[in-house]
Each structure stands twice: as structure tokens, then as C-alpha cells.
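Reading through the C-alpha cells given below for one structure.
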Amino acid sequence: MEGLRQADARALLPAGAERCGLCARPLGRKVEWHHRIPKSRGGTEVLPVHPICHRTIHACVSNHDLATGLADLDALRVQPDIARFLRWIADKPADFHAPTRRRAPD
């Protein structure tokens, strides 16, 4: 079943969307879809991302912040935790995986 979901995700990629919406590295075998504005806040626009990038977004940024000011990818990328992640992930292969650390609660 998991293999079918991955194949479906790859098949749904629009033409020219072979790169991650967050880190811009080439996409690998596994693709997840990130709602720029969370579905719970009415968002419908999605972009393909690596699973590790998707987990990092949600570990570092609240749905409220995504809905109010960080739906803009440039604004999201300059957030300190995201920027640090992007520098670290830049030279990793497309299907690289590592545990995602959640930030400490405020």
C-alpha cells in the first residue's frame, strides 16, 4: 500500500516540479504534499516536498504562523530554524532521512 501512495504522489507532480518546494533539491522516490496554508485553515494550494523537509516545517512552525505570514516560501526559508536546516540539508541526497527534532515548547 505504501508503494502505491508513493507512486501516486510522483504521478501527481505537475510538469517542471521535480524539485522540493522548500529546499529546491531534486525530489527522490518519496514525495509528500505540503499545504502552504494548512487545510485546517482553509488552504488548498500544495507543493511537493521531501518527507524530511515536510517534517521540519511542521516541527519548527505552527499552523497559525503558516496561515498568517509564513505561507510565503521566502518568509518561511529565512526563519532561523528553517534556514539552519536548509544549510544542513543542502548537500544531502534526495532520499536522505534522519530523525526530525521538534523545537522545545514556548
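Here's how to read the names in the C-alpha cells: chain A, B, ... by the order shown, residue numbers from 1 in each chain, ligand numbers from 1 in the order shown.
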
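Near His50 in chain A, within a cut-off of 8 Å and counting only C-alpha atoms, sit the residues Cys20, Leu27, Gly28, Lys30, Val31, Glu32, His54, Ala94 and Asp95 of chain A, with same-chain residues fewer than 4 positions away left out.
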
Export, as a tab-separated table (two decimals), in the first residue's frame, the selected residues with N, CA and C atoms.
```tsv
chain	number	residue	atom	x	y	z
A	20	CYS	N	12.05	19.96	-4.71
A	20	CYS	CA	11.35	20.20	-3.45
A	20	CYS	C	10.96	21.67	-3.34
A	27	LEU	N	13.67	15.98	-6.13
A	27	LEU	CA	12.84	15.06	-5.36
A	27	LEU	C	13.32	13.64	-5.55
A	28	GLY	N	13.11	12.82	-4.54
A	28	GLY	CA	13.50	11.41	-4.60
A	28	GLY	C	12.29	10.53	-4.84
A	30	LYS	N	10.29	9.23	-2.52
A	30	LYS	CA	9.18	9.59	-1.64
A	30	LYS	C	8.89	11.08	-1.76
A	31	VAL	N	7.63	11.39	-1.95
A	31	VAL	CA	7.19	12.78	-2.08
A	31	VAL	C	6.00	12.98	-1.16
A	32	GLU	N	5.98	14.08	-0.45
A	32	GLU	CA	4.82	14.46	0.34
A	32	GLU	C	4.32	15.81	-0.16
A	54	HIS	N	9.18	18.30	4.93
A	54	HIS	CA	7.81	18.46	5.43
A	54	HIS	C	7.79	18.37	6.96
A	94	ALA	N	18.71	13.05	-2.37
A	94	ALA	CA	17.26	13.29	-2.41
A	94	ALA	C	16.48	12.46	-1.40
A	95	ASP	N	16.84	11.21	-1.21
A	95	ASP	CA	16.08	10.34	-0.30
A	95	ASP	C	16.71	10.26	1.09
```

Checklist entry - Skipping near chain neighbours, those fewer than 2 positions away, what residues fall within 12 Å of Lys92 in chain A using only C-alpha atoms, listed as a ChimeraX atom specification? => result /A:23-28,50,52-53,85-90,94-98

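With only C-alpha atoms as the atoms that count, the minimum distance from Val61 in chain A to the choices A:Pro99, A:Asp91, A:Arg36, A:Leu47 is reached by A:Arg36.
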
Checklist entry - Residues at most 12 Å from Gln79 in chain A, counting only C-alpha atoms, excluding those fewer than 5 positions away in the same chain, as an MDAnalysis selection string? => result chainID A and resid 56:57 60:61 65:66 69:70 72:74 84:86

Next on the checklist: I need the residues of range 2-89 of chain A that end up classed as helix (DSSP H, G or I) by DSSP on the backbone, written out as a ChimeraX atom specification.
Outcome noted: /A:2-11,39-41,51-60,63-68,73-77,80-89

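The environment of Thr68 in chain A within 12 Å, counting only C-alpha atoms and disregarding residues fewer than 3 places along the same chain, consists of Arg36, Ile37, Pro38, Arg41, Gly42, Gly43, Val61, Ser62, Asn63, His64, Asp65, Ala71, Asp72, Ala75 and Leu76 of chain A.
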
Could you save those same residues with N, CA, C and O atoms as a compact mmCIF listing (two decimals), in the first residue's frame?
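Saved file again.txt follows:
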```txt
# COMPACT_ATOMS: atom_id res chain seq x y z
N ARG A 36 0.54 25.03 1.78
CA ARG A 36 1.17 26.29 2.18
C ARG A 36 0.38 26.95 3.29
O ARG A 36 0.96 27.44 4.25
N ILE A 37 -0.92 27.00 3.16
CA ILE A 37 -1.81 27.38 4.25
C ILE A 37 -2.45 26.08 4.70
O ILE A 37 -3.00 25.35 3.87
N PRO A 38 -2.37 25.73 5.98
CA PRO A 38 -2.88 24.43 6.43
C PRO A 38 -4.34 24.19 6.02
O PRO A 38 -5.14 25.13 5.96
N ARG A 41 -7.02 25.53 8.05
CA ARG A 41 -7.25 26.98 7.94
C ARG A 41 -7.78 27.37 6.56
O ARG A 41 -7.74 28.52 6.18
N GLY A 42 -8.22 26.35 5.80
CA GLY A 42 -8.83 26.62 4.50
C GLY A 42 -7.90 26.55 3.32
O GLY A 42 -8.29 26.86 2.20
N GLY A 43 -6.66 26.15 3.53
CA GLY A 43 -5.70 26.10 2.43
C GLY A 43 -5.97 24.98 1.46
O GLY A 43 -6.40 23.89 1.84
N VAL A 61 7.38 25.34 12.81
CA VAL A 61 6.43 26.43 12.59
C VAL A 61 5.02 25.93 12.91
O VAL A 61 4.62 24.85 12.47
N SER A 62 4.26 26.73 13.63
CA SER A 62 2.88 26.36 13.97
C SER A 62 1.96 26.55 12.77
O SER A 62 2.26 27.33 11.85
N ASN A 63 0.83 25.87 12.78
CA ASN A 63 -0.17 26.06 11.72
C ASN A 63 -0.67 27.50 11.70
O ASN A 63 -0.93 28.05 10.63
N HIS A 64 -0.79 28.10 12.86
CA HIS A 64 -1.22 29.50 12.92
C HIS A 64 -0.23 30.39 12.15
O HIS A 64 -0.64 31.24 11.36
N ASP A 65 1.07 30.20 12.40
CA ASP A 65 2.09 31.00 11.71
C ASP A 65 2.10 30.72 10.21
O ASP A 65 2.29 31.64 9.41
N ALA A 71 3.11 31.39 4.90
CA ALA A 71 2.71 30.66 3.69
C ALA A 71 3.62 31.06 2.53
O ALA A 71 3.82 30.30 1.60
N ASP A 72 4.19 32.26 2.62
CA ASP A 72 5.15 32.72 1.62
C ASP A 72 6.46 31.96 1.84
O ASP A 72 7.04 32.02 2.93
N ALA A 75 9.56 33.88 3.10
CA ALA A 75 9.48 34.21 4.52
C ALA A 75 9.74 32.98 5.38
O ALA A 75 10.39 33.06 6.43
N LEU A 76 9.25 31.84 4.95
CA LEU A 76 9.47 30.59 5.68
C LEU A 76 10.95 30.21 5.69
O LEU A 76 11.50 29.84 6.73
```

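Rounded to one decimal, CA of Ala59 in chain A and CA of Arg19 in chain A lie 21.2 Å from each other.
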
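Take the candidates A:Val49, A:Ala83, A:Val78, A:Ala67 and check each one against Gly21 in chain A using only C-alpha atoms; the shortest distance goes to A:Val49.
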
Checklist outcome for this item: Across A:Pro93, A:Pro48, A:Lys39, A:Asp81, the smallest distance to Glu18 in chain A, with only C-alpha atoms counted, is shown by A:Pro48
